[in-house]
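Novice: File run.cif below, mmCIF, C-alpha atoms:
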```
data_final
loop_
_atom_site.label_atom_id
_atom_site.label_comp_id
_atom_site.auth_asym_id
_atom_site.auth_seq_id
_atom_site.Cartn_x
_atom_site.Cartn_y
_atom_site.Cartn_z
CA MET P 11 -89.92 -380.67 52.32
CA LYS P 12 -87.85 -379.39 49.41
CA VAL P 13 -84.73 -377.30 50.08
CA GLU P 14 -82.45 -375.49 47.67
CA GLN P 15 -79.49 -373.23 48.24
CA LYS P 16 -77.73 -370.44 46.36
CA THR P 17 -74.61 -368.52 47.34
CA TRP P 18 -73.16 -365.17 46.34
CA THR P 19 -69.42 -364.45 46.53
CA ALA P 20 -67.35 -361.70 44.97
CA ALA P 21 -65.26 -364.25 43.09
CA GLU P 22 -68.11 -366.26 41.55
CA GLY P 23 -71.26 -364.15 41.80
CA TRP P 24 -74.42 -366.23 42.23
CA ARG P 25 -74.17 -370.00 42.04
CA GLU P 26 -76.43 -372.87 43.01
CA THR P 27 -74.84 -374.85 45.82
CA ALA P 28 -77.70 -377.25 46.60
CA PRO P 29 -80.36 -377.76 43.92
CA GLY P 30 -83.47 -379.07 45.64
CA GLY P 31 -86.61 -378.01 43.81
CA ALA P 32 -88.04 -375.49 46.28
CA GLY P 33 -88.50 -373.02 43.42
CA SER P 34 -90.90 -370.11 43.35
CA GLU P 35 -93.29 -371.90 45.72
CA ALA P 36 -90.87 -371.70 48.65
CA GLN P 37 -92.53 -370.35 51.80
CA LEU P 38 -89.35 -369.52 53.75
CA VAL P 39 -85.94 -368.21 52.70
CA LEU P 40 -83.12 -368.03 55.25
CA LEU P 41 -80.50 -365.37 54.52
CA PHE P 42 -77.12 -365.34 56.24
CA GLY P 43 -74.44 -362.94 55.06
CA ALA P 44 -71.94 -360.21 55.73
CA THR P 45 -73.66 -356.92 56.62
CA ALA P 46 -72.80 -355.26 53.31
CA ARG P 47 -73.96 -358.26 51.26
CA LEU P 48 -77.20 -358.71 53.15
CA GLY P 49 -78.06 -355.04 52.74
CA ALA P 50 -77.33 -354.80 49.01
CA PRO P 51 -80.61 -353.77 47.26
CA SER P 52 -79.70 -355.65 44.07
CA ALA P 53 -79.28 -358.89 46.02
CA MET P 54 -82.60 -358.51 47.78
CA ARG P 55 -84.37 -357.77 44.48
CA GLN P 56 -82.89 -360.90 42.93
CA ILE P 57 -83.90 -363.06 45.86
CA ARG P 58 -87.44 -361.70 45.80
CA GLU P 59 -87.63 -362.42 42.07
CA TRP P 60 -86.66 -366.04 42.69
CA TYR P 61 -89.00 -366.49 45.66
CA PRO P 62 -91.92 -364.07 45.25
CA GLU P 63 -94.17 -365.55 47.98
CA ALA P 64 -91.59 -366.49 50.60
CA LEU P 65 -90.83 -364.94 53.97
CA LEU P 66 -87.28 -363.58 53.78
CA VAL P 67 -85.66 -363.97 57.19
CA GLY P 68 -82.00 -363.70 58.14
CA CYS P 69 -79.21 -361.74 59.77
CA SER P 70 -75.67 -360.46 59.46
CA THR P 71 -72.93 -362.82 60.57
CA ALA P 72 -69.37 -363.36 61.68
CA GLY P 73 -69.03 -365.98 58.95
CA GLU P 74 -71.44 -367.93 56.77
CA ILE P 75 -71.97 -371.71 56.67
CA CYS P 76 -72.87 -373.29 53.34
CA GLY P 77 -72.66 -377.06 53.27
CA THR P 78 -69.28 -377.85 54.79
CA ALA P 79 -67.75 -374.52 53.70
CA VAL P 80 -67.25 -371.56 56.01
CA CYS P 81 -67.15 -368.24 54.14
CA ASP P 82 -66.68 -364.55 54.83
CA ASP P 83 -68.15 -361.64 52.90
CA SER P 84 -70.68 -363.89 51.19
CA LEU P 85 -74.47 -364.33 51.17
CA VAL P 86 -76.03 -367.77 51.65
CA VAL P 87 -79.66 -368.14 50.53
CA THR P 88 -81.55 -371.28 51.61
CA ALA P 89 -85.12 -371.65 50.28
CA VAL P 90 -87.56 -374.12 51.82
CA ARG P 91 -90.87 -375.40 50.46
CA PHE P 92 -92.81 -377.22 53.14
CA LEU P 93 -95.37 -379.77 52.06
CA ARG P 94 -97.40 -379.98 55.28
CA THR P 95 -96.15 -377.13 57.49
CA GLN P 96 -97.14 -373.47 57.76
CA VAL P 97 -94.69 -370.72 58.68
CA HIS P 98 -95.44 -367.35 60.26
CA LEU P 99 -93.22 -364.35 60.95
CA ALA P 100 -93.19 -361.93 63.87
CA GLN P 101 -90.83 -359.00 64.35
CA VAL P 102 -90.14 -356.48 67.10
CA PRO P 103 -87.81 -353.45 67.12
CA VAL P 104 -85.63 -352.84 70.19
CA GLY P 105 -83.87 -349.64 71.20
CA SER P 106 -81.99 -350.88 74.27
CA MET P 107 -81.17 -354.04 76.20
CA GLU P 108 -83.78 -353.12 78.82
CA GLU P 109 -86.48 -353.92 76.24
CA SER P 110 -85.30 -357.49 75.66
CA TYR P 111 -87.78 -359.33 77.90
CA ALA P 112 -90.75 -357.39 76.58
CA ALA P 113 -89.59 -358.04 73.02
CA GLY P 114 -89.44 -361.78 73.65
CA ALA P 115 -92.89 -361.76 75.20
CA ALA P 116 -94.34 -359.80 72.28
CA LEU P 117 -92.83 -362.18 69.73
CA ALA P 118 -94.17 -365.24 71.52
CA LYS P 119 -97.68 -363.79 71.75
CA ALA P 120 -97.66 -362.78 68.07
CA LEU P 121 -96.77 -366.33 67.01
CA GLN P 122 -99.41 -368.13 69.08
CA ARG P 123 -101.45 -370.36 66.77
CA PRO P 124 -102.91 -373.86 66.89
CA GLY P 125 -100.28 -376.41 65.96
CA LEU P 126 -97.24 -374.25 66.80
CA THR P 127 -94.34 -376.66 67.34
CA GLN P 128 -91.11 -374.69 66.87
CA VAL P 129 -89.80 -371.12 66.95
CA LEU P 130 -86.57 -369.95 65.31
CA VAL P 131 -85.46 -366.51 66.53
CA LEU P 132 -82.80 -364.26 64.98
CA SER P 133 -81.89 -361.16 66.95
CA ASP P 134 -79.78 -358.04 66.73
CA GLY P 135 -76.47 -359.03 68.30
CA LEU P 136 -75.51 -355.83 70.11
CA LYS P 137 -78.69 -354.18 71.43
CA VAL P 138 -80.30 -357.23 73.04
CA ASN P 139 -79.74 -359.04 76.32
CA GLY P 140 -80.06 -362.60 75.08
CA THR P 141 -80.91 -364.01 78.50
CA GLU P 142 -83.87 -361.65 78.89
CA LEU P 143 -85.02 -362.22 75.31
CA VAL P 144 -85.11 -365.98 75.84
CA ARG P 145 -86.81 -365.55 79.21
CA GLY P 146 -89.57 -363.44 77.63
CA LEU P 147 -90.08 -365.96 74.85
CA ARG P 148 -90.04 -368.96 77.14
CA ALA P 149 -92.49 -367.45 79.61
CA ASN P 150 -95.06 -366.88 76.88
CA LEU P 151 -94.67 -370.02 74.76
CA PRO P 152 -96.22 -373.38 75.62
CA ASP P 153 -93.74 -375.86 77.11
CA SER P 154 -94.31 -378.13 74.10
CA VAL P 155 -92.89 -375.55 71.65
CA GLY P 156 -89.19 -375.81 70.81
CA LEU P 157 -87.09 -372.64 70.75
CA THR P 158 -83.74 -372.19 69.01
CA GLY P 159 -81.87 -369.41 67.21
CA GLY P 160 -79.04 -366.93 67.60
CA LEU P 161 -77.76 -363.38 67.78
CA ALA P 162 -76.57 -361.65 64.62
CA GLY P 163 -72.86 -361.05 64.12
CA ASP P 164 -70.53 -358.42 62.67
CA GLY P 165 -67.33 -360.36 62.15
CA PRO P 166 -64.85 -359.54 64.95
CA HIS P 167 -65.83 -355.84 64.88
CA PHE P 168 -68.81 -355.61 67.30
CA GLN P 169 -70.02 -352.40 65.64
CA HIS P 170 -73.20 -353.01 63.64
CA THR P 171 -75.51 -356.02 63.24
CA VAL P 172 -78.71 -356.26 61.19
CA VAL P 173 -81.70 -358.56 60.93
CA CYS P 174 -83.95 -359.14 57.91
CA ALA P 175 -87.67 -359.67 58.60
CA ASN P 176 -89.21 -359.76 55.13
CA GLY P 177 -87.96 -356.26 54.39
CA VAL P 178 -84.85 -354.10 54.37
CA PRO P 179 -82.34 -355.49 56.91
CA ALA P 180 -82.14 -353.20 59.93
CA ALA P 181 -80.33 -352.80 63.24
CA GLY P 182 -82.27 -353.10 66.47
CA LEU P 183 -84.62 -355.76 65.11
CA ILE P 184 -85.63 -359.24 66.26
CA ALA P 185 -87.34 -361.70 63.92
CA ALA P 186 -88.99 -364.97 64.92
CA VAL P 187 -90.40 -367.68 62.65
CA GLY P 188 -93.13 -369.94 63.99
CA PHE P 189 -93.53 -373.42 62.45
CA CYS P 190 -96.99 -375.01 62.66
CA GLY P 191 -97.82 -378.60 61.76
CA GLU P 192 -97.99 -382.02 63.34
CA GLN P 193 -95.85 -383.55 60.62
CA LEU P 194 -92.86 -381.30 61.23
CA HIS P 195 -90.16 -382.94 63.34
CA VAL P 196 -87.33 -380.90 64.87
CA GLY P 197 -84.16 -382.03 66.60
CA TYR P 198 -81.66 -379.75 68.28
CA GLY P 199 -78.47 -379.81 70.32
CA SER P 200 -75.88 -377.38 71.69
CA VAL P 201 -72.40 -378.34 72.89
CA GLY P 202 -69.30 -376.28 73.74
CA GLY P 203 -65.89 -377.87 74.31
CA TRP P 204 -63.88 -375.29 76.28
CA ASP P 205 -61.63 -376.01 79.26
CA ALA P 206 -61.91 -373.99 82.48
CA PHE P 207 -58.76 -372.81 84.29
CA GLY P 208 -57.83 -370.65 87.26
CA PRO P 209 -59.93 -370.08 90.40
CA GLU P 210 -63.67 -369.54 90.53
CA ARG P 211 -64.55 -365.99 91.55
CA ARG P 212 -67.85 -364.79 92.95
CA ILE P 213 -69.74 -362.05 91.11
CA THR P 214 -70.04 -359.39 93.80
CA ARG P 215 -71.41 -356.54 91.68
CA SER P 216 -73.38 -356.68 88.44
CA ARG P 217 -76.49 -355.33 86.77
CA ARG P 218 -78.20 -357.81 84.46
CA ASN P 219 -75.61 -358.45 81.72
CA VAL P 220 -73.10 -355.81 82.92
CA LEU P 221 -70.33 -357.13 85.18
CA TYR P 222 -68.51 -354.74 87.55
CA GLU P 223 -66.79 -356.76 90.27
CA LEU P 224 -65.45 -360.25 90.96
CA ASP P 225 -64.54 -360.99 94.59
CA GLY P 226 -64.85 -357.27 95.29
CA ARG P 227 -62.27 -356.33 92.63
CA SER P 228 -62.74 -354.61 89.28
CA ALA P 229 -63.79 -357.37 86.87
CA LEU P 230 -62.21 -355.58 83.91
CA ALA P 231 -58.88 -355.08 85.67
CA LEU P 232 -58.82 -358.71 86.80
CA TYR P 233 -59.72 -359.93 83.33
CA LYS P 234 -56.92 -357.84 81.82
CA GLU P 235 -54.45 -359.40 84.25
CA TYR P 236 -55.32 -362.85 82.98
CA LEU P 237 -55.27 -361.80 79.33
CA GLY P 238 -51.84 -360.15 79.59
CA PRO P 239 -50.78 -358.94 76.12
CA HIS P 240 -54.14 -360.07 74.69
CA ALA P 241 -55.86 -357.30 76.70
CA ALA P 242 -54.88 -354.73 74.09
CA GLY P 243 -57.28 -356.37 71.65
CA LEU P 244 -60.40 -356.16 73.85
CA PRO P 245 -63.27 -356.76 73.34
CA ALA P 246 -62.49 -359.03 70.36
CA SER P 247 -59.67 -360.87 72.16
CA ALA P 248 -62.11 -361.83 74.94
CA LEU P 249 -63.69 -364.28 72.49
CA ARG P 250 -60.65 -366.48 73.03
CA PHE P 251 -61.15 -366.47 76.81
CA PRO P 252 -64.85 -366.75 77.72
CA LEU P 253 -66.19 -367.10 81.26
CA ALA P 254 -67.87 -370.19 82.67
CA LEU P 255 -70.84 -369.05 84.75
CA ARG P 256 -72.06 -371.35 87.54
CA GLY P 257 -75.21 -370.60 89.52
CA ASP P 258 -76.43 -372.05 92.81
CA GLU P 259 -78.17 -374.92 91.01
CA GLY P 260 -74.83 -376.05 89.55
CA ARG P 261 -75.62 -375.47 85.86
CA VAL P 262 -72.75 -373.98 83.84
CA LEU P 263 -73.31 -371.53 81.00
CA VAL P 264 -70.63 -369.84 78.93
CA ARG P 265 -70.55 -366.07 78.50
CA THR P 266 -68.44 -363.84 76.24
CA VAL P 267 -67.86 -360.10 76.24
CA LEU P 268 -69.70 -357.79 73.83
CA SER P 269 -68.10 -354.53 74.98
CA ILE P 270 -66.06 -352.92 77.74
CA ASP P 271 -66.33 -349.54 79.48
CA GLU P 272 -63.00 -348.22 80.72
CA ARG P 273 -64.60 -345.36 82.67
CA GLU P 274 -67.02 -347.65 84.51
CA GLN P 275 -64.48 -350.49 84.60
CA SER P 276 -67.26 -352.78 83.43
CA MET P 277 -67.80 -355.57 80.90
CA THR P 278 -71.05 -356.10 79.00
CA PHE P 279 -71.94 -359.69 78.12
CA ALA P 280 -74.46 -361.19 75.69
CA GLY P 281 -76.44 -362.62 78.63
CA ASP P 282 -77.01 -362.06 82.33
CA MET P 283 -74.17 -362.19 84.90
CA PRO P 284 -76.16 -362.47 88.15
CA GLU P 285 -74.69 -361.43 91.50
CA GLY P 286 -73.82 -364.42 93.66
CA ALA P 287 -72.96 -366.67 90.73
CA TYR P 288 -69.42 -367.87 90.17
CA ALA P 289 -67.27 -367.13 87.11
CA ARG P 290 -64.17 -368.90 85.87
CA LEU P 291 -61.99 -368.28 82.83
CA MET P 292 -62.00 -370.74 79.94
CA LYS P 293 -59.57 -371.47 77.11
CA ALA P 294 -59.74 -373.38 73.87
CA ASN P 295 -59.18 -377.08 73.45
CA PHE P 296 -59.11 -377.60 69.68
CA ASP P 297 -60.11 -381.25 69.63
CA ARG P 298 -62.88 -380.75 72.19
CA LEU P 299 -64.32 -377.83 70.21
CA ILE P 300 -64.59 -380.00 67.10
CA ASP P 301 -65.94 -382.95 69.11
CA GLY P 302 -68.52 -380.57 70.58
CA ALA P 303 -69.91 -379.82 67.13
CA ALA P 304 -70.32 -383.54 66.48
CA GLY P 305 -71.99 -383.90 69.87
CA ALA P 306 -74.54 -381.21 69.01
CA ALA P 307 -75.34 -383.06 65.77
CA ARG P 308 -75.78 -386.36 67.61
CA ALA P 309 -78.14 -384.70 70.09
CA GLY P 310 -80.22 -383.36 67.21
CA LEU P 311 -80.44 -386.78 65.58
CA GLU P 312 -81.44 -388.39 68.86
CA ARG P 313 -84.38 -385.99 69.22
CA LEU P 314 -85.49 -386.69 65.63
CA GLY P 315 -85.64 -390.41 66.34
CA SER P 316 -86.44 -392.36 63.18
CA PHE P 317 -86.87 -389.24 61.03
CA ARG P 318 -83.96 -388.22 58.82
CA PRO P 319 -83.06 -384.51 58.70
CA GLU P 320 -83.68 -382.63 55.46
CA LEU P 321 -82.43 -379.21 56.61
CA ALA P 322 -80.00 -378.30 59.39
CA VAL P 323 -79.39 -374.76 60.63
CA LEU P 324 -75.97 -374.47 62.28
CA ILE P 325 -75.27 -371.51 64.57
CA SER P 326 -71.76 -371.45 66.00
CA CYS P 327 -70.01 -368.78 68.04
CA VAL P 328 -67.58 -366.28 66.50
CA GLY P 329 -65.16 -367.14 69.30
CA ARG P 330 -64.90 -370.71 68.03
CA LYS P 331 -64.15 -369.42 64.54
CA LEU P 332 -61.39 -367.10 65.78
CA VAL P 333 -59.77 -369.90 67.77
CA LEU P 334 -60.08 -372.66 65.17
CA GLN P 335 -58.96 -370.38 62.30
CA GLN P 336 -57.91 -372.60 59.38
CA ARG P 337 -59.43 -375.62 61.15
CA VAL P 338 -62.87 -374.03 61.40
CA GLU P 339 -64.36 -376.14 58.61
CA GLU P 340 -63.52 -379.26 60.59
CA GLU P 341 -66.40 -378.62 62.99
CA VAL P 342 -68.83 -378.32 60.08
CA GLU P 343 -67.41 -381.43 58.45
CA CYS P 344 -67.96 -383.32 61.72
CA VAL P 345 -71.61 -382.27 61.64
CA ARG P 346 -71.91 -383.58 58.08
CA GLU P 347 -70.40 -386.90 59.10
CA VAL P 348 -72.98 -387.31 61.85
CA LEU P 349 -76.05 -386.06 59.95
CA GLY P 350 -75.13 -387.73 56.66
CA THR P 351 -75.30 -386.41 53.12
CA GLY P 352 -79.07 -385.90 53.09
CA PRO P 353 -79.72 -382.54 54.79
CA VAL P 354 -78.85 -379.15 53.34
CA LEU P 355 -76.56 -377.36 55.81
CA THR P 356 -76.86 -373.61 56.32
CA GLY P 357 -76.06 -371.25 59.17
CA PHE P 358 -73.73 -368.62 60.53
CA TYR P 359 -71.21 -367.62 63.19
CA SER P 360 -72.96 -365.59 65.86
CA TYR P 361 -72.68 -363.45 68.97
CA GLY P 362 -74.83 -365.90 70.95
CA GLU P 363 -76.68 -369.18 70.50
CA ILE P 364 -80.20 -370.03 71.70
CA CYS P 365 -81.02 -373.66 72.45
CA PRO P 366 -81.70 -376.19 75.20
CA SER P 367 -78.48 -378.01 76.08
CA GLY P 368 -77.68 -381.41 77.49
CA ALA P 369 -79.65 -382.17 80.64
CA VAL P 370 -81.09 -378.65 80.55
CA THR P 371 -84.59 -379.02 79.17
CA ARG P 372 -85.47 -375.34 79.09
CA CYS P 373 -84.00 -373.08 76.45
CA GLU P 374 -81.05 -370.85 77.37
CA LEU P 375 -78.73 -368.33 75.78
CA HIS P 376 -75.28 -369.82 75.25
CA ASN P 377 -71.96 -368.46 74.05
CA GLN P 378 -69.08 -370.37 72.46
CA THR P 379 -71.24 -373.37 71.46
CA MET P 380 -72.21 -375.06 68.23
CA THR P 381 -76.01 -375.16 68.11
CA ILE P 382 -77.85 -377.26 65.53
CA THR P 383 -81.54 -377.27 64.61
CA ALA P 384 -82.49 -380.12 62.26
CA PHE P 385 -85.84 -380.20 60.42
CA SER P 386 -87.74 -383.10 58.83
CA GLU P 387 -91.27 -383.53 57.50
CA SER P 388 -93.19 -386.82 57.50
#
```
Can you dump the structure from the file as structure tokens?
Specialist:
Amino acid sequence: MKVEQKTWTAAEGWRETAPGGAGSEAQLVLLFGATARLGAPSAMRQIREWYPEALLVGCSTAGEICGTAVCDDSLVVTAVRFLRTQVHLAQVPVGSMEESYAAGAALAKALQRPGLTQVLVLSDGLKVNGTELVRGLRANLPDSVGLTGGLAGDGPHFQHTVVCANGVPAAGLIAAVGFCGEQLHVGYGSVGGWDAFGPERRITRSRRNVLYELDGRSALALYKEYLGPHAAGLPASALRFPLALRGDEGRVLVRTVLSIDEREQSMTFAGDMPEGAYARLMKANFDRLIDGAAGAARAGLERLGSFRPELAVLISCVGRKLVLQQRVEEEVECVREVLGTGPVLTGFYSYGEICPSGAVTRCELHNQTMTITAFSES
């Protein structure tokens, strides 16, 4: 595997940030950037000129990761030339969250090929129910196939996200890359680092990813009570106070708010909020957030075994970035310390992360985690 990286910023224009020899024979180019940068025709023409045969796949972000730097309003281009692995692209448009499961199923079926070992999915961040998307993918992929990815971002604005699937970046699109080959090795991990506080409350009224009532009370009103002065900044301020979701089986997932509806007194989340589950507020613990990123990297290395990573895709939640602020690069630096100087690091800050986590062997949608997918070829 050969990996090279270029970055565009307003201050410096294009520059090579990781020379690696992928060149014009690259089969896959990952694009992570601010919406305006990703959609600039001149940028896409330049990238296509550099990599004429590659699949161009990426999404808009809430911040771009390039090496150990975290940038805004930039475009990070990571080109990969595999030596013994084939890549395939599937894409599905979605018009509403109700189509999420069917979209996941269609993507999985389109990618089915002998030797499929890993799927990386990048989805619109506002029109998709991530839980249903993952469920549709998982139900139609063999158990032996790994699944990771994330939901596109739009900074702290929650207005417009786009996905690139070898064409003009567009809203309402999901792209999935299938990796085929016995000599491709993939490690992944996903860890949070938030502290729960306050009482657990039972979800007494919800519809898929829309939450109406907790303990028979308006969920939005109750949430505003806890947020106090922060409530004026909803939905963006909710990223600082996610909910811990506990089901009957005891597993805990983290959920953050995508939007609120004052008239319905409801809150829409990136993933399902099932009735009967329990929700509890969470708050940031700076050191645990940074340790969580290192934990995700260690989990990825453990899955790789004796193989050393050559490329690592980091997908972290926008909520972590807003909380960490000037310390945000510390979580990326921790990943570098664990993975070593060998792999090229790329990625983005997202509206949701897709990965198995800890003792959970099946893939789930997460919020507020650092998710890492590390690739190596033998």
Novice: Nearest to P:Phe317: which of P:Pro353, P:Gly23, P:Gly202, P:Gly191 is it, counting only C-alpha atoms?
Specialist: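 When distances to P:Phe317 are compared using only C-alpha atoms, the smallest one comes from P:Pro353.
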Novice: If I put a ball of radius 8 Å at (-90.5, -372.6, 52.6) in the file's coordinates, which residues poke into it when counting only C-alpha atoms, written as a ChimeraX atom specification?
Specialist: /P:12-13,32,35-39,64-65,89-92,97
Novice: Identify which of the residues P:Ala100, P:Leu183, P:Val328, P:Val267 lies closest to P:Gly73, counting only C-alpha atoms when measuring atom-to-atom distances.
Specialist: P:Val328
Novice: Choose the residue, out of P:Glu387, P:Glu363, P:Glu274, P:Asp258, that has the smallest atom-to-atom separation from P:Ile325; count all atoms listed in the file.
Specialist: P:Glu363
Novice: Tell me, in Å to one decimal, how far atom CA of P:Val178 is from atom CA of P:Ala44.
Specialist: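 One can read the atom CA of P:Val178 to atom CA of P:Ala44 distance as 14.3 Å.
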Novice: Evaluate the PyMOL selection byres ((chain P and resi 163) around 7) and record the selected residues as a PDB file with C-alpha atoms, in the frame of the given file, following the chain and residue labels used in the document.
Specialist:
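expr.pdb, written as the output of this step:
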```
ATOM      1  CA  SER P  70     -75.670-360.460  59.460  1.00  0.00           C
ATOM      2  CA  THR P  71     -72.930-362.820  60.570  1.00  0.00           C
ATOM      3  CA  ALA P  72     -69.370-363.360  61.680  1.00  0.00           C
ATOM      4  CA  GLY P 135     -76.470-359.030  68.300  1.00  0.00           C
ATOM      5  CA  LEU P 161     -77.760-363.380  67.780  1.00  0.00           C
ATOM      6  CA  ALA P 162     -76.570-361.650  64.620  1.00  0.00           C
ATOM      7  CA  ASP P 164     -70.530-358.420  62.670  1.00  0.00           C
ATOM      8  CA  GLY P 165     -67.330-360.360  62.150  1.00  0.00           C
ATOM      9  CA  THR P 171     -75.510-356.020  63.240  1.00  0.00           C
ATOM     10  CA  TYR P 359     -71.210-367.620  63.190  1.00  0.00           C
ATOM     11  CA  SER P 360     -72.960-365.590  65.860  1.00  0.00           C
ATOM     12  CA  TYR P 361     -72.680-363.450  68.970  1.00  0.00           C
TER      13      TYR P 361
END
```
Novice: Of the candidates P:Ala248, P:Val333, P:Glu210, P:Glu272, which shows the shortest atom-to-atom distance to P:Ser228, using only C-alpha atoms?
Specialist: P:Glu272
Novice: Give me, please, the distance in Å between atom CA of P:Gly243 and atom CA of P:Ser269, quoted to one decimal.
Specialist: 11.5 Å
Novice: At a cut-off of 12 Å, using only C-alpha atoms, what residues contact P:Ala304? Leave out same-chain residues fewer than 6 positions from it and give the result as a list in words.
Specialist: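 My list of contacting residues is Gly199, Ser200, Val201, Gly202, Gly203, Asp297, Arg298, Gly310, Leu311, Leu324, Glu340, Glu341, Val342, Glu343, Cys344, Val345, Arg346, Glu347, Val348, Leu349, Gly350, Thr379, Met380, Thr381 and Ile382 of chain P.
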Novice: Work out how far apart atom CA of P:Gly68 and atom CA of P:Arg250 are and give it in Å to one decimal.
Specialist: 26.2 Å
Novice: Skipping near chain neighbours, those fewer than 5 positions away, what residues fall within 9 Å of P:Trp60 using only C-alpha atoms, listed as a compact mmCIF listing (two decimals) with C-alpha atoms, in the coordinates of the input?
Specialist:
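So the final result, stored in out-v2.txt, reads:
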```
# COMPACT_ATOMS: atom_id res chain seq x y z
CA GLY P 33 -88.50 -373.02 43.42
CA SER P 34 -90.90 -370.11 43.35
CA ARG P 55 -84.37 -357.77 44.48
```
Novice: Please identify all polymer residues within 8 Å of stretch 204-207 of chain P, counting all atoms listed in the file, omitting same-chain residues fewer than 5 positions from it, and present them as number ranges by chain.
Specialist: P: 254, 290-295, 298-299
Novice: Suppose we keep C-alpha atoms; can you now write the selection as a compact mmCIF listing (two decimals), in the frame of the given file?
Specialist:
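And here is the file that came out, again_38.txt:
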```
# COMPACT_ATOMS: atom_id res chain seq x y z
CA ALA P 254 -67.87 -370.19 82.67
CA ARG P 290 -64.17 -368.90 85.87
CA LEU P 291 -61.99 -368.28 82.83
CA MET P 292 -62.00 -370.74 79.94
CA LYS P 293 -59.57 -371.47 77.11
CA ALA P 294 -59.74 -373.38 73.87
CA ASN P 295 -59.18 -377.08 73.45
CA ARG P 298 -62.88 -380.75 72.19
CA LEU P 299 -64.32 -377.83 70.21
```
Novice: So, counting all atoms listed in the file, which residue among P:Gly305, P:Pro166, P:Pro284, P:Gly238 is closest to P:Lys331?
Specialist: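 Closest to P:Lys331, using all atoms listed in the file: P:Pro166.
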Novice: For a quick check of understanding, using all atoms listed in the file, which of P:Gln122, P:Thr356, P:Ser106, P:Thr17 has the smallest distance to P:Leu321?
Specialist: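 Once distances to P:Leu321 are computed over all atoms listed in the file, the minimum belongs to P:Thr356.
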Novice: Show me as a PyMOL selection string the residues that reach within 7 Å of (-70.8, -368.3, 49.7), counting only C-alpha atoms and using the file's own coordinates.
Specialist: chain P and resi 17-19+76+81+84-86
Novice: Would you translate the PyMOL selection byres ((chain P and resi 126-134) around 7) into the concrete set of residues it matches in this file, as a PyMOL selection string?
Specialist: chain P and resi 68-69+122-125+135-138+154-162+171-173+181-191
Novice: List, as JSON, numbers by chain, every residue that the PyMOL selection byres ((chain P and resi 231) around 12) selects in the file provided.
Specialist: {"P": [221, 222, 223, 224, 226, 227, 228, 229, 230, 232, 233, 234, 235, 236, 237, 238, 241, 244, 270, 271, 272, 273, 274, 275, 276, 277]}
Novice: Which polymer residues have any atom within 7 Å of an atom of P:Leu268, counting only C-alpha atoms, with same-chain residues fewer than 6 positions away left out, as a VMD selection string?
Specialist: chain P and resid 168 245 278 to 280
